[in-house]
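Peer 1: Pasting start08.csv below, which is CSV, C-alpha atoms.
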```
chain,number,residue,atom,x,y,z
A,1,MET,CA,24.1,13.4,-9.5
A,2,THR,CA,22.6,10.1,-10.6
A,3,ARG,CA,19.7,9.8,-13.0
A,4,THR,CA,17.5,8.6,-10.2
A,5,ALA,CA,18.2,11.8,-8.3
A,6,HIS,CA,17.2,13.8,-11.4
A,7,VAL,CA,13.9,12.0,-11.7
A,8,SER,CA,13.3,12.4,-8.0
A,9,ASP,CA,13.9,16.1,-8.2
A,10,ALA,CA,11.5,16.4,-11.1
A,11,MET,CA,8.9,14.4,-9.2
A,12,ASN,CA,9.3,16.5,-6.1
A,13,ALA,CA,8.8,19.7,-8.2
A,14,ILE,CA,5.6,18.2,-9.7
A,15,HIS,CA,4.4,17.0,-6.4
A,16,ALA,CA,4.9,20.5,-5.0
A,17,THR,CA,2.3,21.7,-7.4
A,18,ASN,CA,0.0,18.7,-7.4
A,19,GLN,CA,-0.4,17.7,-3.8
A,20,THR,CA,-3.9,17.9,-2.7
A,21,ALA,CA,-3.5,16.4,0.8
A,22,PRO,CA,-0.8,16.6,3.4
A,23,LEU,CA,1.4,13.6,3.9
A,24,THR,CA,2.5,12.3,7.3
A,25,GLY,CA,6.1,12.2,6.3
A,26,GLN,CA,6.3,8.4,6.7
A,27,ILE,CA,6.8,7.7,3.0
A,28,ASN,CA,7.9,4.5,1.6
A,29,ARG,CA,9.2,4.6,-2.0
A,30,ILE,CA,10.0,2.2,-4.8
A,31,ASP,CA,11.8,3.3,-7.9
A,32,TRP,CA,12.0,1.1,-10.9
A,33,GLU,CA,15.5,1.6,-12.1
A,34,PRO,CA,15.4,2.8,-15.7
A,35,GLY,CA,17.0,0.4,-18.2
A,36,SER,CA,16.7,-2.5,-15.8
A,37,ASP,CA,14.2,-4.8,-14.1
A,38,LEU,CA,15.4,-3.8,-10.7
A,39,LEU,CA,13.4,-2.0,-8.0
A,40,ARG,CA,15.1,0.3,-5.5
A,41,GLY,CA,13.2,0.6,-2.3
A,42,THR,CA,13.6,3.5,0.1
A,43,CYS,CA,12.2,3.2,3.6
A,44,HIS,CA,11.0,6.2,5.5
A,45,CYS,CA,13.9,5.6,7.8
A,46,GLY,CA,16.3,6.1,4.9
A,47,ALA,CA,17.4,2.5,4.5
A,48,ARG,CA,17.6,1.3,0.9
A,49,HIS,CA,17.2,-2.1,-0.7
A,50,VAL,CA,17.3,-3.5,-4.2
A,51,CYS,CA,15.5,-6.5,-5.6
A,52,ASP,CA,13.4,-7.4,-8.6
A,53,ASP,CA,10.1,-8.5,-7.0
A,54,PRO,CA,7.5,-5.9,-5.9
A,55,ILE,CA,5.9,-8.2,-3.4
A,56,ALA,CA,9.3,-8.9,-1.7
A,57,MET,CA,10.1,-5.2,-1.8
A,58,TRP,CA,6.9,-4.2,0.0
A,59,ALA,CA,7.5,-7.0,2.5
A,60,TRP,CA,10.9,-5.5,3.2
A,61,LEU,CA,9.6,-1.9,3.5
A,62,LEU,CA,6.8,-2.9,5.8
A,63,GLY,CA,9.1,-5.0,7.9
A,64,HIS,CA,10.7,-1.9,9.2
A,65,PRO,CA,12.9,-1.8,11.2
A,66,GLU,CA,13.7,-5.5,10.8
A,67,GLY,CA,16.7,-5.9,8.4
A,68,HIS,CA,17.0,-2.2,7.7
A,69,ARG,CA,20.1,-1.4,9.8
A,70,GLY,CA,22.5,-3.3,7.6
A,71,GLU,CA,21.2,-1.8,4.4
A,72,GLU,CA,22.5,1.1,2.4
A,73,SER,CA,21.1,4.4,3.8
A,74,ASP,CA,20.7,8.0,2.8
A,75,ALA,CA,20.2,8.9,6.4
B,1,MET,CA,-11.0,-13.0,-3.8
B,2,ALA,CA,-13.5,-10.2,-3.0
B,3,THR,CA,-12.0,-6.9,-1.8
B,4,PRO,CA,-13.5,-6.2,1.6
B,5,PHE,CA,-15.5,-3.0,2.1
B,6,ALA,CA,-14.1,-0.2,4.3
B,7,ARG,CA,-17.2,1.2,5.9
B,8,ASN,CA,-15.8,4.1,8.0
B,9,GLN,CA,-14.8,6.1,4.9
B,10,TRP,CA,-16.3,8.7,2.6
B,11,TYR,CA,-17.6,7.6,-0.8
B,12,VAL,CA,-18.9,9.5,-3.8
B,13,ALA,CA,-22.6,8.7,-4.3
B,14,ALA,CA,-23.3,11.2,-7.0
B,15,TYR,CA,-22.3,14.3,-8.8
B,16,ALA,CA,-23.8,17.4,-7.2
B,17,GLY,CA,-25.7,18.2,-10.4
B,18,GLU,CA,-27.5,14.8,-10.2
B,19,VAL,CA,-29.0,15.6,-6.8
B,20,GLY,CA,-32.0,17.9,-6.9
B,21,ARG,CA,-35.7,17.7,-6.3
B,22,GLU,CA,-36.0,14.4,-8.2
B,23,LEU,CA,-35.4,11.4,-5.9
B,24,LEU,CA,-32.2,9.6,-6.9
B,25,GLY,CA,-31.5,6.0,-5.9
B,26,ARG,CA,-27.9,4.7,-5.5
B,27,THR,CA,-26.5,1.7,-3.6
B,28,VAL,CA,-23.2,2.2,-1.7
B,29,LEU,CA,-21.5,-0.6,0.2
B,30,GLY,CA,-24.6,-2.7,-0.3
B,31,GLU,CA,-26.8,0.0,1.4
B,32,PRO,CA,-29.6,1.3,-0.9
B,33,LEU,CA,-29.8,5.1,-0.6
B,34,VAL,CA,-32.2,7.7,-1.7
B,35,LEU,CA,-30.7,11.2,-2.3
B,36,TYR,CA,-32.4,14.6,-2.8
B,37,ARG,CA,-31.8,18.2,-2.1
B,38,ALA,CA,-33.7,19.9,0.7
B,39,GLU,CA,-35.8,22.8,-0.4
B,40,GLN,CA,-35.2,24.7,2.8
B,41,ASP,CA,-31.4,25.1,2.7
B,42,GLY,CA,-30.3,23.3,-0.5
B,43,SER,CA,-28.4,20.6,1.5
B,44,VAL,CA,-28.1,17.0,0.3
B,45,VAL,CA,-30.2,14.5,2.2
B,46,ALA,CA,-29.2,10.8,2.1
B,47,LEU,CA,-31.7,8.3,3.6
B,48,SER,CA,-32.1,4.5,3.5
B,49,ASP,CA,-34.0,3.7,0.3
B,50,ARG,CA,-36.4,1.3,2.0
B,51,CYS,CA,-39.6,2.2,3.7
B,52,VAL,CA,-39.8,0.6,7.1
B,53,HIS,CA,-43.3,-0.7,6.4
B,54,ARG,CA,-42.9,-3.1,3.5
B,55,ARG,CA,-39.5,-2.1,2.2
B,56,PHE,CA,-40.8,-0.2,-0.8
B,57,PRO,CA,-38.0,1.9,-2.5
B,58,LEU,CA,-38.4,5.5,-1.4
B,59,SER,CA,-36.5,6.6,-4.5
B,60,ALA,CA,-39.6,5.4,-6.5
B,61,SER,CA,-41.8,7.6,-4.3
B,62,ARG,CA,-42.3,11.4,-4.2
B,63,LEU,CA,-41.4,14.5,-2.3
B,64,ASP,CA,-43.8,16.7,-0.4
B,65,GLY,CA,-41.7,19.7,0.5
B,66,ASP,CA,-38.7,18.2,2.2
B,67,ARG,CA,-40.5,15.0,3.2
B,68,ILE,CA,-40.6,11.8,1.3
B,69,VAL,CA,-44.0,10.2,0.9
B,70,CYS,CA,-43.7,6.5,0.3
B,71,GLY,CA,-45.3,5.6,-3.1
B,72,TYR,CA,-46.9,2.5,-1.7
B,73,HIS,CA,-48.8,3.3,1.5
B,74,GLY,CA,-47.8,6.9,2.3
B,75,PHE,CA,-45.5,6.5,5.2
B,76,THR,CA,-43.8,9.9,5.3
B,77,TYR,CA,-40.3,10.7,6.4
B,78,ASP,CA,-38.5,14.0,7.2
B,79,THR,CA,-34.9,14.8,6.4
B,80,SER,CA,-33.6,13.0,9.5
B,81,GLY,CA,-35.3,9.8,8.4
B,82,THR,CA,-38.0,10.1,11.2
B,83,CYS,CA,-41.4,8.9,10.1
B,84,VAL,CA,-43.8,11.8,10.7
B,85,TYR,CA,-47.0,10.2,9.3
B,86,VAL,CA,-48.5,6.7,8.9
B,87,PRO,CA,-51.8,6.1,7.1
B,88,GLY,CA,-55.1,5.8,9.1
B,89,GLN,CA,-53.8,6.0,12.6
B,90,GLN,CA,-52.6,8.5,15.1
B,91,ARG,CA,-49.8,6.5,16.8
B,92,ILE,CA,-46.5,6.4,14.9
B,93,PRO,CA,-44.5,3.4,16.0
B,94,ARG,CA,-41.3,4.3,17.7
B,95,THR,CA,-39.3,2.1,15.3
B,96,ALA,CA,-40.7,4.0,12.3
B,97,ARG,CA,-37.6,5.6,11.0
B,98,VAL,CA,-35.1,5.0,8.2
B,99,ALA,CA,-31.4,5.5,8.5
B,100,ALA,CA,-30.0,8.9,7.6
B,101,TYR,CA,-26.5,9.0,6.3
B,102,PRO,CA,-24.0,11.9,6.7
B,103,ALA,CA,-23.6,13.6,3.4
B,104,ALA,CA,-21.4,16.4,2.2
B,105,GLU,CA,-21.0,18.3,-1.0
B,106,VAL,CA,-17.4,19.0,-1.8
B,107,ASP,CA,-15.8,19.9,-5.2
B,108,SER,CA,-19.0,19.2,-7.0
B,109,LEU,CA,-19.1,15.7,-5.6
B,110,VAL,CA,-21.7,14.3,-3.2
B,111,TRP,CA,-19.9,12.2,-0.5
B,112,VAL,CA,-21.7,9.9,1.9
B,113,TRP,CA,-20.6,8.0,5.0
B,114,ILE,CA,-22.1,4.6,5.5
B,115,GLY,CA,-20.3,3.5,8.7
B,116,ASP,CA,-20.4,4.9,12.2
B,117,PRO,CA,-21.9,8.4,11.9
B,118,GLN,CA,-19.9,9.5,14.9
B,119,GLN,CA,-16.8,9.1,12.9
B,120,ALA,CA,-18.0,11.1,9.9
B,121,ASP,CA,-15.5,14.0,9.8
B,122,GLU,CA,-15.9,16.1,6.6
B,123,LYS,CA,-12.3,17.2,7.0
B,124,LEU,CA,-11.3,13.6,6.0
B,125,ILE,CA,-12.8,14.0,2.5
B,126,PRO,CA,-10.0,14.0,-0.1
B,127,ARG,CA,-10.1,17.0,-2.4
B,128,ALA,CA,-10.4,17.4,-6.1
B,129,PRO,CA,-10.6,21.2,-6.4
B,130,HIS,CA,-10.2,21.2,-10.2
B,131,LEU,CA,-13.7,19.8,-10.6
B,132,ALA,CA,-15.2,23.0,-9.3
B,133,ASP,CA,-12.4,25.3,-10.6
B,134,PRO,CA,-13.9,28.0,-13.0
B,135,ASP,CA,-10.5,28.1,-14.8
B,136,MET,CA,-10.9,24.4,-15.8
B,137,VAL,CA,-13.5,22.8,-18.1
B,138,THR,CA,-14.7,19.4,-17.0
B,139,VAL,CA,-16.6,16.7,-18.8
B,140,ARG,CA,-17.8,13.8,-16.7
B,141,GLY,CA,-19.9,10.6,-16.5
B,142,MET,CA,-20.6,7.5,-14.5
B,143,GLU,CA,-20.6,3.9,-15.5
B,144,PRO,CA,-21.7,0.9,-13.3
B,145,VAL,CA,-19.3,-2.0,-13.6
B,146,ASP,CA,-20.2,-5.6,-12.6
B,147,CYS,CA,-16.9,-6.3,-10.9
B,148,ASP,CA,-15.2,-6.3,-7.5
B,149,TYR,CA,-14.2,-2.7,-6.9
B,150,GLY,CA,-10.6,-3.9,-6.3
B,151,LEU,CA,-10.4,-4.7,-10.0
B,152,LEU,CA,-11.1,-1.1,-10.9
B,153,VAL,CA,-8.5,0.1,-8.4
B,154,ASP,CA,-6.0,-2.3,-9.9
B,155,ASN,CA,-6.9,-1.1,-13.4
B,156,LEU,CA,-6.3,2.6,-12.5
B,157,LEU,CA,-3.1,2.1,-10.5
B,158,ASP,CA,-1.4,0.4,-13.4
B,159,LEU,CA,-1.7,2.5,-16.5
B,160,SER,CA,0.5,0.2,-18.6
B,161,HIS,CA,-2.7,-1.3,-19.7
B,162,GLU,CA,-3.3,1.8,-21.7
B,163,THR,CA,-0.9,0.5,-24.3
B,164,TYR,CA,-2.9,-2.7,-24.9
B,165,LEU,CA,-6.5,-2.0,-23.9
B,166,HIS,CA,-6.6,1.6,-25.1
B,167,GLY,CA,-4.2,1.5,-28.0
B,168,GLY,CA,-5.2,4.1,-30.6
B,169,TYR,CA,-7.0,6.1,-28.0
B,170,ILE,CA,-4.8,7.0,-25.0
B,171,GLY,CA,-2.2,4.3,-25.2
B,172,THR,CA,1.1,4.3,-26.9
B,173,PRO,CA,4.1,1.9,-26.7
B,174,GLU,CA,5.9,4.2,-24.3
B,175,VAL,CA,3.3,3.9,-21.5
B,176,ALA,CA,4.0,0.2,-21.0
B,177,GLU,CA,7.8,0.6,-21.6
B,178,THR,CA,8.5,3.4,-19.1
B,179,PRO,CA,9.5,2.5,-15.5
B,180,ILE,CA,7.4,3.9,-12.7
B,181,SER,CA,8.1,5.4,-9.3
B,182,THR,CA,5.8,4.6,-6.4
B,183,GLU,CA,5.4,6.4,-3.1
B,184,VAL,CA,3.1,5.3,-0.3
B,185,ASP,CA,2.1,7.1,2.8
B,186,GLU,CA,0.8,4.2,4.8
B,187,ALA,CA,-0.8,6.2,7.6
B,188,ALA,CA,-2.6,8.6,5.2
B,189,GLY,CA,-3.7,5.8,2.9
B,190,VAL,CA,-2.2,7.6,-0.1
B,191,VAL,CA,-0.5,5.9,-3.1
B,192,ARG,CA,1.4,7.9,-5.7
B,193,VAL,CA,2.6,6.4,-9.0
B,194,SER,CA,4.5,8.4,-11.5
B,195,ARG,CA,5.4,7.6,-15.0
B,196,HIS,CA,7.4,10.3,-16.9
B,197,MET,CA,7.7,9.7,-20.7
B,198,MET,CA,10.2,12.2,-21.9
B,199,ASP,CA,9.8,11.4,-25.7
B,200,ALA,CA,6.6,9.6,-26.6
B,201,ALA,CA,4.1,9.3,-29.4
B,202,CYS,CA,1.1,11.6,-28.9
B,203,PRO,CA,-2.1,9.5,-28.7
B,204,PRO,CA,-5.3,10.7,-30.5
B,205,PHE,CA,-6.8,11.8,-27.1
B,206,TYR,CA,-4.2,14.5,-26.8
B,207,ALA,CA,-3.3,15.1,-30.5
B,208,ARG,CA,-6.9,16.0,-31.3
B,209,SER,CA,-7.6,18.0,-28.2
B,210,THR,CA,-4.3,20.0,-28.1
B,211,GLY,CA,-3.4,20.2,-31.8
B,212,ILE,CA,0.1,18.7,-31.2
B,213,ASP,CA,1.1,16.6,-34.2
B,214,GLY,CA,4.6,15.6,-33.1
B,215,ARG,CA,6.1,13.7,-30.2
B,216,ILE,CA,5.5,14.8,-26.7
B,217,THR,CA,6.8,14.7,-23.2
B,218,ARG,CA,4.0,13.1,-21.2
B,219,LEU,CA,4.0,13.1,-17.4
B,220,GLN,CA,1.5,10.9,-15.6
B,221,ASP,CA,1.3,11.5,-11.8
B,222,ILE,CA,-1.3,9.4,-10.0
B,223,GLU,CA,-2.6,10.2,-6.5
B,224,TYR,CA,-4.9,7.6,-5.0
B,225,PHE,CA,-6.6,8.5,-1.8
B,226,ALA,CA,-7.9,5.1,-0.7
B,227,PRO,CA,-10.5,3.9,-0.9
B,228,CYS,CA,-12.5,6.2,-3.3
B,229,LEU,CA,-10.7,9.1,-4.9
B,230,TYR,CA,-8.2,8.7,-7.8
B,231,LEU,CA,-6.5,11.6,-9.5
B,232,LEU,CA,-4.3,11.5,-12.5
B,233,HIS,CA,-2.4,14.7,-13.1
B,234,SER,CA,-1.4,14.7,-16.8
B,235,ARG,CA,1.0,17.2,-18.3
B,236,ILE,CA,1.7,17.3,-22.0
B,237,THR,CA,4.3,19.4,-23.8
B,238,PRO,CA,5.8,19.1,-27.3
B,239,VAL,CA,9.0,17.1,-26.8
B,240,GLY,CA,12.0,19.3,-26.0
B,241,GLN,CA,9.8,22.3,-25.1
B,242,THR,CA,8.5,23.6,-21.8
B,243,GLU,CA,5.7,25.5,-23.5
B,244,PRO,CA,3.0,25.2,-24.4
B,245,ALA,CA,2.0,22.9,-21.5
B,246,PHE,CA,-1.4,21.2,-21.5
B,247,HIS,CA,-2.7,20.2,-18.1
B,248,THR,CA,-5.4,17.6,-17.8
B,249,GLU,CA,-6.8,16.4,-14.5
B,250,ILE,CA,-8.4,13.0,-14.8
B,251,THR,CA,-10.5,12.1,-11.8
B,252,TYR,CA,-12.1,8.8,-10.8
B,253,ALA,CA,-14.3,8.1,-7.9
B,254,ILE,CA,-14.4,4.3,-7.2
B,255,THR,CA,-17.5,3.6,-5.2
B,256,PRO,CA,-18.3,0.0,-4.2
B,257,SER,CA,-22.0,-0.4,-4.8
B,258,ALA,CA,-22.5,-4.0,-3.7
B,259,PRO,CA,-20.3,-7.2,-3.7
B,260,GLY,CA,-19.2,-7.5,-7.3
B,261,LYS,CA,-20.5,-4.1,-8.3
B,262,VAL,CA,-18.8,-0.7,-8.5
B,263,TYR,CA,-19.7,2.8,-9.7
B,264,ASP,CA,-17.0,4.2,-12.0
B,265,PHE,CA,-17.4,8.0,-11.7
B,266,TRP,CA,-15.0,9.6,-14.3
B,267,ALA,CA,-14.2,13.2,-15.2
B,268,VAL,CA,-11.7,15.0,-17.4
B,269,SER,CA,-10.7,18.6,-16.6
B,270,ARG,CA,-8.5,20.7,-18.8
B,271,ASP,CA,-7.0,24.2,-18.8
B,272,PHE,CA,-6.7,24.6,-22.6
B,273,ALA,CA,-9.1,25.2,-25.4
B,274,ARG,CA,-11.6,26.1,-22.8
B,275,GLU,CA,-14.0,27.9,-25.1
B,276,ASP,CA,-13.8,25.2,-27.8
B,277,ASP,CA,-17.1,23.2,-27.6
B,278,GLU,CA,-15.8,20.8,-30.2
B,279,VAL,CA,-12.9,19.9,-27.9
B,280,THR,CA,-15.3,19.5,-25.0
B,281,LYS,CA,-17.5,17.1,-27.0
B,282,PHE,CA,-14.5,15.2,-28.3
B,283,LEU,CA,-13.0,14.7,-24.9
B,284,HIS,CA,-16.3,13.6,-23.4
B,285,ASP,CA,-17.1,11.1,-26.2
B,286,PHE,CA,-13.6,9.9,-26.5
B,287,ASN,CA,-13.1,9.4,-22.8
B,288,HIS,CA,-16.5,7.7,-22.5
B,289,THR,CA,-15.3,5.2,-25.2
B,290,VAL,CA,-12.1,4.6,-23.2
B,291,VAL,CA,-14.1,4.1,-20.0
B,292,MET,CA,-16.3,1.6,-21.8
B,293,GLN,CA,-13.2,-0.3,-22.9
B,294,ASP,CA,-12.4,-0.7,-19.3
B,295,VAL,CA,-15.9,-1.5,-18.3
B,296,ASP,CA,-16.1,-4.3,-20.9
B,297,ALA,CA,-12.7,-5.7,-19.9
B,298,LEU,CA,-13.5,-5.6,-16.2
B,299,ASN,CA,-16.9,-7.2,-16.7
B,300,LEU,CA,-15.2,-10.0,-18.7
B,301,LEU,CA,-12.4,-10.3,-16.1
B,302,GLN,CA,-14.9,-10.7,-13.3
B,303,LYS,CA,-16.8,-13.4,-15.1
B,304,ALA,CA,-13.6,-15.2,-15.7
B,305,LEU,CA,-12.5,-14.9,-12.1
B,306,ASP,CA,-16.0,-16.1,-11.0
B,307,SER,CA,-15.4,-19.3,-12.9
B,308,GLU,CA,-12.0,-20.0,-11.2
B,309,PRO,CA,-11.7,-22.3,-8.3
B,310,ALA,CA,-11.0,-20.5,-5.0
B,311,GLY,CA,-7.4,-19.6,-4.2
B,312,TYR,CA,-6.4,-19.0,-7.8
B,313,GLN,CA,-2.9,-17.7,-8.3
B,314,GLU,CA,-1.8,-14.4,-9.8
B,315,LEU,CA,1.6,-13.1,-10.9
B,316,SER,CA,2.7,-9.6,-10.0
B,317,ILE,CA,5.6,-7.8,-11.7
B,318,ASN,CA,7.1,-4.3,-11.5
B,319,ILE,CA,4.1,-2.6,-13.2
B,320,ASP,CA,2.0,-3.8,-10.2
B,321,THR,CA,4.0,-2.0,-7.5
B,322,GLY,CA,1.3,0.7,-6.9
B,323,GLY,CA,-1.6,-1.7,-7.2
B,324,LEU,CA,-0.1,-4.0,-4.6
B,325,ALA,CA,0.2,-1.1,-2.2
B,326,ALA,CA,-3.4,-0.1,-2.8
B,327,ARG,CA,-4.7,-3.6,-2.1
B,328,ARG,CA,-2.9,-3.7,1.2
B,329,ILE,CA,-4.2,-0.3,2.2
B,330,LEU,CA,-7.8,-1.3,1.3
B,331,SER,CA,-7.5,-4.5,3.5
B,332,ARG,CA,-6.2,-2.4,6.4
B,333,LEU,CA,-9.0,0.2,6.1
B,334,ALA,CA,-11.6,-2.6,5.9
B,335,ALA,CA,-10.2,-4.2,9.0
B,336,ALA,CA,-10.1,-0.9,11.0
```
Can I see the file as structure tokens?
Peer 2:
Amino acid sequence: MTRTAHVSDAMNAIHATNQTAPLTGQINRIDWEPGSDLLRGTCHCGARHVCDDPIAMWAWLLGHPEGHRGEESDA
Amino acid sequence: MATPFARNQWYVAAYAGEVGRELLGRTVLGEPLVLYRAEQDGSVVALSDRCVHRRFPLSASRLDGDRIVCGYHGFTYDTSGTCVYVPGQQRIPRTARVAAYPAAEVDSLVWVWIGDPQQADEKLIPRAPHLADPDMVTVRGMEPVDCDYGLLVDNLLDLSHETYLHGGYIGTPEVAETPISTEVDEAAGVVRVSRHMMDAACPPFYARSTGIDGRITRLQDIEYFAPCLYLLHSRITPVGQTEPAFHTEITYAITPSAPGKVYDFWAVSRDFAREDDEVTKFLHDFNHTVVMQDVDALNLLQKALDSEPAGYQELSINIDTGGLAARRILSRLAAA
């Protein structure tokens, strides 16, 4: 399991106790990779993308589905 | 670059404890409001704060039962904003009414809806249940800030500023150094930013309230329900331990008052040292100091921005990931 997965599990556990409103399930996520300047974006469709600029990352996420098919995916 | 107002949204106008039989004036989204609590059923009434006659502030007037009597010429309004008396004549003009705004009291906060009243659904109000939880002790306050409300949103979504603006209070080097994770639910208008510091210095805010004198694991989990409600779920444990765990819920309501003006409602709720009045006073006074550091900085920043030519450039980096998402959501809500 990667460190990112560990952090994600911890956050999920915290969110399970902290959530005060239901989510729609359409979650876009950006993790700042520890020890680097890189951002890893995960679209709600599962596509993933890495870059070092939050503006460019949001543009990629909100551009769904454009450019998401060729990217790494958890789906 | 003024952040546009999203009108069809709920906003906090006051703490429930502020609204009683004294008339309270507040301005939300540029609309002056007068707030009071009806004698008949204890409900909160929110009316336009301007008499239809000569625009006298009704908040500077008086109550007669559940009716407001204008302090200038006596025009009298019921809880629906309908004028029921004008001086010296029998006929009350048809246009003699002031706007009544939907209001709801939830979690010890008074929420108002300034937009289309037909869309005012109380189920849309985001919740902060800890504020009314008898198992938590809460200190609170409100500060007006002379800045665009987007600057306060920016401030709260990026807590790395704690290291520099609030060093020696709530900031330590680890806050700015620790990478964040950001989640956005676009449709729900919710931004979450998490910063988990596994081995960090304990700032005075927590050292003095919890009694911890060593290093800590400090978890910061922000939930921002655009446009108004911001929750920071804070968890502190001595480093390497799971107990004792100290839970603090830090709440902000960010209510645009007018262009370039925002109400900064703040509250700190805790589940530890609940009987300790010294801790209560300390957290109130200390957090007030921290809030005033933000107020001074944001007032200064707004003045600086006002002196800039239009179209000035900014630079965004990783710490701004959550703030950028919030800006976009606010623009979308305003355009809806």
Peer 1: Can you check which parts of chain A lie within 6 Å of chain B? Per residue, the shortest pair of atoms and distance in Å to one decimal, counting all atoms listed in the file, sorted by chain and number, as a tab-separated table.
Peer 2:
```
residue	atom	partner	partner_atom	distance
A:Gln26	CA	B:Asp185	CA	5.9
A:Ile27	CA	B:Asp185	CA	4.7
A:Asn28	CA	B:Val184	CA	5.2
A:Arg29	CA	B:Glu183	CA	4.3
A:Ile30	CA	B:Thr182	CA	5.1
A:Asp31	CA	B:Ser181	CA	4.5
A:Trp32	CA	B:Pro179	CA	5.4
A:Pro34	CA	B:Pro179	CA	5.9
A:Pro54	CA	B:Thr321	CA	5.5
```
Peer 1: Please report the interatomic distance between atom CA of B:Glu18 and atom CA of B:Tyr36 in Å with one decimal.
Peer 2: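 Atom CA of B:Tyr36 lies 8.9 Å from atom CA of B:Glu18.
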Peer 1: How many Å lie between atom CA of B:Ala176 and atom CA of B:His161, rounded to one decimal?
Peer 2: 7.0 Å
Peer 1: Quick one: distance from atom CA of B:Val239 to atom CA of B:Glu278 in Å, one decimal?
Peer 2: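 Between these atoms lies a distance of 25.3 Å.
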Peer 1: Determine, counting all atoms listed in the file, which protein, DNA and RNA residues have an atom within 6 Å of an atom of stretch 58-72 of chain A; residues of the same chain fewer than 6 positions away are not included. Present the result as a ChimeraX atom specification.
Peer 2: /A:43,47-48
Peer 1: Hey, which of B:Val153, B:Val106, B:Ala245, B:Val139 ends up closest to B:Ala16? Count only C-alpha atoms.
Peer 2: B:Val106
Peer 1: List the neighbours of B:Ile170 out to 8 Å using all atoms listed in the file; skip same-chain residues closer than 4 positions along the sequence, and give me the result as a ChimeraX atom specification.
Peer 2: /B:162-163,166,203-206,290
Peer 1: Please determine the residues with any atom at most 12 Å from (-38.4, 10.3, 5.1) (coordinates as given in the file, with only C-alpha atoms counting) and report them as a PyMOL selection string.
Peer 2: chain B and resi 23+33-36+38+45-52+57-59+61-71+74-86+96-100
Peer 1: Excluding B:His130 and any residue of its chain fewer than 2 positions from it, enumerate the residues within 10 Å of it, using all atoms listed in the file, and give them as a ChimeraX atom specification.
Peer 2: /B:107-108,127-128,132-138,248-251,268-271
Peer 1: Which is closer to B:Gln9 than all the others in B:Glu31, B:Glu105, B:Glu174, B:Asp121, using all atoms listed in the file?
Peer 2: B:Asp121
Peer 1: Excluding stretch 207-212 of chain B and its own-chain neighbours fewer than 2 positions away, which residues fall within 9 Å of it when counting only C-alpha atoms? Please give them as a PyMOL selection string.
Peer 2: chain B and resi 202-205+214-216+236-238+246+272-273+278-280+282-283
